[in-house]
Amino acid sequence: MGAAIEVRDLHKSYGGRAAVGGIDLDVAEGEILAFLGPNGAGKTTTIEILEGYRTRDSGSVSVLGVDPASAPLAWRERIGIVLQESEPVAELTALESVTMHAAYYANPRDPAEVLDVVGLSDSADQRTRKLSGGQKRRLDLALALVGSPSLVFLDEPTTGFDPSARRESWTMIDALRQLGSTVLLTTHYMDEAEHLADRIVVIAGGLIVARGTADELAQQVGASTRITWRPDPGQPAPPSTIGATIADGRASIETDDVVGVLHALTSWAVENGVGLDELNVARPTLEDVYLTLTGGGDEAGPTRSGPEPATGRSRPRDRRASRGSR
């Protein structure tokens with residue numbers, strides 16, 4: 001399996017302040033990678049460089065084997081982008097919007113098929129101005145997929161969704177893997193990243209601070225699984241070898257050896273006739289790990305100067321003009 005994205009020693013500064021301070025990044029073909037970081041961490045700047053929207057100061061970047069800074073039109077047709085915010089042409093129906101965008105590509109997918117993939121078949125003839133917020137985000141994804149992209153950038157694709165709509169969107173995003181697309185996902189929902197991503201990369205202060213699966217990130221920060229239960233009054237205390245502490249009426253154990261500790265705990269409980277009421281095993285959440293890695297807060301964004309566009313991008317109405325000017 002080859003690399004869809006290869007970045008080495010990437011640097012970008014604004015007004016003398018480093019937004020990206022020399023990062024390396026690899027995304028394998030067919031992989032879904034979650035790229036996480038607080039506001040101002042350098043996440044959006046990095047992605048815009050990968051998309052060809054923004055120039056870098058130094059470093060090497062290869063996306064689908066091409067440098068985005070000098071990419072031809074044929075390369076741009078292999079990229080699908082779902083932006084944080086967009087507004088479709090209000091007068092067109094969903095099917096008309098996708099059909100119009102399909103005409104910009106040499107080998108597009110069938111528009112009706114794409115609408116079915118994103119769950120908009122029943123709204124194909126609906127004017128986009130009448131679509132709900134969640135339906136518009138589905139349309140955004142359809143517009144990104146109609147060109148049969150090899151690589152899809154999903155920039156916070158489920159922001160504003162209710163829990164049910166988010167879960168449905170996860171199914172759609174997961175299906176991109178079946179279509180053979182590589183996906184670079186940004187999100188502020190840690191459960192979304194954990195559910196969808198093959199790997200997670202965390203950036204903070206312009207530097208990558210961790211990479212790996214959710215479990216591997218937890219190991220990197222030394223996050224342990226917590227075993228807790230509510231001991232009955234007067235019952236014997238567990239042996240010191242188990243390492244339990246009791247506070248506020250609950251016993252707890254922090255461990256990396258979950259199976260071994262549970263075996264020792266339950267064996268002791270059975271031998272001594274002790275109940276383990278409200279026994280709970282809680283592995284560290286990705287949110288806990290993320291907050292540890294990033295310091296638990298947003299960072300100030302870089303000061304921008306010159307003609308560089310600010311972040312918070314929106315989709316241009318005429319995609320042909322967008323592709324020709326990026």
# chains A, B, ... in the order shown; residues from 1 in each chain; ligands from 1

call {"tool": "closest_atom_pairs", "arguments": {"of": "region 108-194 of chain A", "to": "region 4-21 of chain A", "cutoff": "12 Å", "atoms": "only C-alpha atoms", "output": "CSV"}}
result
residue,atom,partner,partner_atom,distance
A:Pro149,CA,A:Ala4,CA,11.9
A:Ser150,CA,A:Ala4,CA,8.5
A:Leu151,CA,A:Ala4,CA,7.5
A:Val152,CA,A:Ala4,CA,10.6
A:Phe153,CA,A:Ile5,CA,11.6
A:Gly180,CA,A:Ala4,CA,11.7
A:Ser181,CA,A:Ala4,CA,9.8
A:Thr182,CA,A:Ala4,CA,7.2
A:Val183,CA,A:Ala4,CA,9.5
A:Leu184,CA,A:Ile5,CA,9.5

call {"tool": "residues_around", "arguments": {"residues": "region 68-82 of chain A", "least_positions_apart": "2", "cutoff": "9 Å", "atoms": "only C-alpha atoms", "output": "PyMOL selection string"}}
result
chain A and resi 49-56+61-64+66+84-86+104-106+137+140-141+143-157+315+323-324+326

call {"tool": "closest_residue", "arguments": {"among": "A:Ser58, A:Gln135, A:Gln126, A:Ser224", "to": "Thr158 (chain A)", "atoms": "only C-alpha atoms"}}
result
A:Gln135

call {"tool": "atom_distance", "arguments": {"atom1": "CA of Val27 (chain A)", "atom2": "CA of Val202 (chain A)"}}
result
13.6 Å

call {"tool": "residues_around", "arguments": {"residues": "Glu287 (chain A)", "least_positions_apart": "4", "cutoff": "8 Å", "atoms": "only C-alpha atoms", "output": "PyMOL selection string"}}
result
chain A and resi 190-191+291

call {"tool": "write_last_selection", "arguments": {"atoms": "N, CA, C and O atoms", "output": "compact mmCIF listing (two decimals), in the first residue's frame"}}
result
# COMPACT_ATOMS: atom_id res chain seq x y z
N MET A 190 -14.53 13.65 19.80
CA MET A 190 -13.56 12.59 20.01
C MET A 190 -14.15 11.20 19.73
O MET A 190 -13.45 10.31 19.24
N ASP A 191 -15.44 11.01 20.03
CA ASP A 191 -16.04 9.71 19.74
C ASP A 191 -16.10 9.46 18.24
O ASP A 191 -15.97 8.33 17.77
N LEU A 291 -7.07 15.85 25.82
CA LEU A 291 -6.89 17.00 26.71
C LEU A 291 -5.52 16.96 27.37
O LEU A 291 -4.90 18.01 27.59

call {"tool": "closest_residue", "arguments": {"among": "A:Asp232, A:Glu254, A:Asp67, A:Asp26", "to": "Pro284 (chain A)", "atoms": "only C-alpha atoms"}}
result
A:Glu254

call {"tool": "atom_distance", "arguments": {"atom1": "CA of Val201 (chain A)", "atom2": "CA of Ala34 (chain A)"}}
result
6.2 Å

call {"tool": "closest_residue", "arguments": {"among": "A:Pro108, A:Gly273, A:Gly249, A:Gly212", "to": "Gln235 (chain A)", "atoms": "only C-alpha atoms"}}
result
A:Gly273

call {"tool": "select_by_dssp", "arguments": {"residues": "region 99-303 of chain A", "states": "strand (DSSP E)", "output": "MDAnalysis selection string"}}
result
chainID A and resid 151:155 182:186 199:204 207:212 225:230 245:247 250:255 277:282

call {"tool": "residues_around", "arguments": {"residues": "region 245-248 of chain A", "least_positions_apart": "5", "cutoff": "10 Å", "atoms": "only C-alpha atoms", "output": "ChimeraX atom specification"}}
result
/A:228-231,237-238,240,253-254

call {"tool": "write_last_selection", "arguments": {"atoms": "N, CA and C atoms", "output": "JSON list (two decimals), in the first residue's frame"}}
result
[["chain", "number", "residue", "atom", "x", "y", "z"],
["A", 228, "THR", "N", -13.69, 0.30, 39.38],
["A", 228, "THR", "CA", -14.31, 0.82, 40.61],
["A", 228, "THR", "C", -15.48, -0.07, 41.04],
["A", 229, "TRP", "N", -15.80, -0.03, 42.30],
["A", 229, "TRP", "CA", -16.99, -0.68, 42.84],
["A", 229, "TRP", "C", -17.34, -0.03, 44.17],
["A", 230, "ARG", "N", -18.56, -0.31, 44.63],
["A", 230, "ARG", "CA", -19.01, 0.24, 45.91],
["A", 230, "ARG", "C", -18.95, -0.86, 46.97],
["A", 231, "PRO", "N", -17.98, -0.79, 47.89],
["A", 231, "PRO", "CA", -17.84, -1.85, 48.91],
["A", 231, "PRO", "C", -18.95, -1.76, 49.95],
["A", 237, "ALA", "N", -11.20, -5.40, 53.66],
["A", 237, "ALA", "CA", -10.53, -4.64, 52.60],
["A", 237, "ALA", "C", -9.78, -5.59, 51.69],
["A", 238, "PRO", "N", -9.72, -5.30, 50.40],
["A", 238, "PRO", "CA", -8.96, -6.16, 49.49],
["A", 238, "PRO", "C", -7.48, -6.13, 49.84],
["A", 240, "SER", "N", -3.48, -5.69, 49.81],
["A", 240, "SER", "CA", -2.69, -4.57, 49.29],
["A", 240, "SER", "C", -2.10, -4.88, 47.93],
["A", 253, "ILE", "N", -9.20, 1.13, 41.43],
["A", 253, "ILE", "CA", -7.88, 0.62, 41.07],
["A", 253, "ILE", "C", -7.51, 1.22, 39.72],
["A", 254, "GLU", "N", -6.34, 1.78, 39.62],
["A", 254, "GLU", "CA", -5.80, 2.26, 38.34],
["A", 254, "GLU", "C", -4.79, 1.21, 37.85]]

call {"tool": "residues_around", "arguments": {"residues": "Ser123 (chain A)", "least_positions_apart": "6", "cutoff": "9 Å", "atoms": "only C-alpha atoms", "output": "short mmCIF file (atom, residue, chain, number, x, y, z; two decimals) with N, CA, C and O atoms, in the first residue's frame"}}
result
data_model
loop_
_atom_site.label_atom_id
_atom_site.label_comp_id
_atom_site.auth_asym_id
_atom_site.auth_seq_id
_atom_site.Cartn_x
_atom_site.Cartn_y
_atom_site.Cartn_z
N THR A 93 -32.17 22.10 -7.47
CA THR A 93 -32.50 20.95 -6.63
C THR A 93 -31.21 20.23 -6.25
O THR A 93 -30.14 20.49 -6.81
N ALA A 94 -31.34 19.29 -5.33
CA ALA A 94 -30.16 18.52 -4.93
C ALA A 94 -29.57 17.77 -6.12
O ALA A 94 -28.35 17.77 -6.33
N LEU A 95 -30.44 17.16 -6.93
CA LEU A 95 -29.95 16.42 -8.10
C LEU A 95 -29.32 17.36 -9.11
O LEU A 95 -28.27 17.03 -9.70
N LEU A 115 -26.23 10.57 -4.76
CA LEU A 115 -27.26 10.99 -3.81
C LEU A 115 -27.75 9.81 -2.97
O LEU A 115 -28.06 9.97 -1.77
N LEU A 131 -33.65 22.49 2.03
CA LEU A 131 -33.02 21.38 2.74
C LEU A 131 -32.68 21.78 4.17
O LEU A 131 -32.35 22.93 4.44
N GLN A 135 -29.24 17.89 5.86
CA GLN A 135 -29.34 17.51 4.44
C GLN A 135 -28.34 18.29 3.59
O GLN A 135 -27.77 17.76 2.64
#

call {"tool": "residues_around", "arguments": {"residues": "Gly160 (chain A)", "least_positions_apart": "4", "cutoff": "9 Å", "atoms": "only C-alpha atoms", "output": "ChimeraX atom specification"}}
result
/A:133-134,166

call {"tool": "write_last_selection", "arguments": {"atoms": "N, CA, C and O atoms", "output": "PDB file, in the first residue's frame"}}
result
ATOM      1  N   GLY A 133     -30.305  21.629   7.668  1.00  0.00           N
ATOM      2  CA  GLY A 133     -28.866  21.754   7.832  1.00  0.00           C
ATOM      3  C   GLY A 133     -28.154  20.434   7.615  1.00  0.00           C
ATOM      4  O   GLY A 133     -27.115  20.370   6.945  1.00  0.00           O
ATOM      5  N   GLY A 134     -28.716  19.350   8.174  1.00  0.00           N
ATOM      6  CA  GLY A 134     -28.105  18.044   8.003  1.00  0.00           C
ATOM      7  C   GLY A 134     -28.141  17.586   6.555  1.00  0.00           C
ATOM      8  O   GLY A 134     -27.187  16.981   6.059  1.00  0.00           O
ATOM      9  N   ARG A 166     -25.554  12.419  13.210  1.00  0.00           N
ATOM     10  CA  ARG A 166     -24.118  12.160  13.269  1.00  0.00           C
ATOM     11  C   ARG A 166     -23.825  10.681  13.045  1.00  0.00           C
ATOM     12  O   ARG A 166     -22.916  10.324  12.303  1.00  0.00           O
TER      13      ARG A 166
END

call {"tool": "closest_residue", "arguments": {"among": "A:Ile23, A:Leu286, A:Ile47, A:Ala269", "to": "His195 (chain A)", "atoms": "only C-alpha atoms"}}
result
A:Leu286

call {"tool": "closest_residue", "arguments": {"among": "A:Thr294, A:Arg199, A:Leu92, A:Ala103", "to": "Ala124 (chain A)", "atoms": "only C-alpha atoms"}}
result
A:Leu92

call {"tool": "atom_distance", "arguments": {"atom1": "CA of Ala197 (chain A)", "atom2": "CA of Ile32 (chain A)"}}
result
5.0 Å

call {"tool": "closest_residue", "arguments": {"among": "A:Glu91, A:Asp198, A:Glu31, A:Asp57", "to": "Arg211 (chain A)", "atoms": "only C-alpha atoms"}}
result
A:Asp198
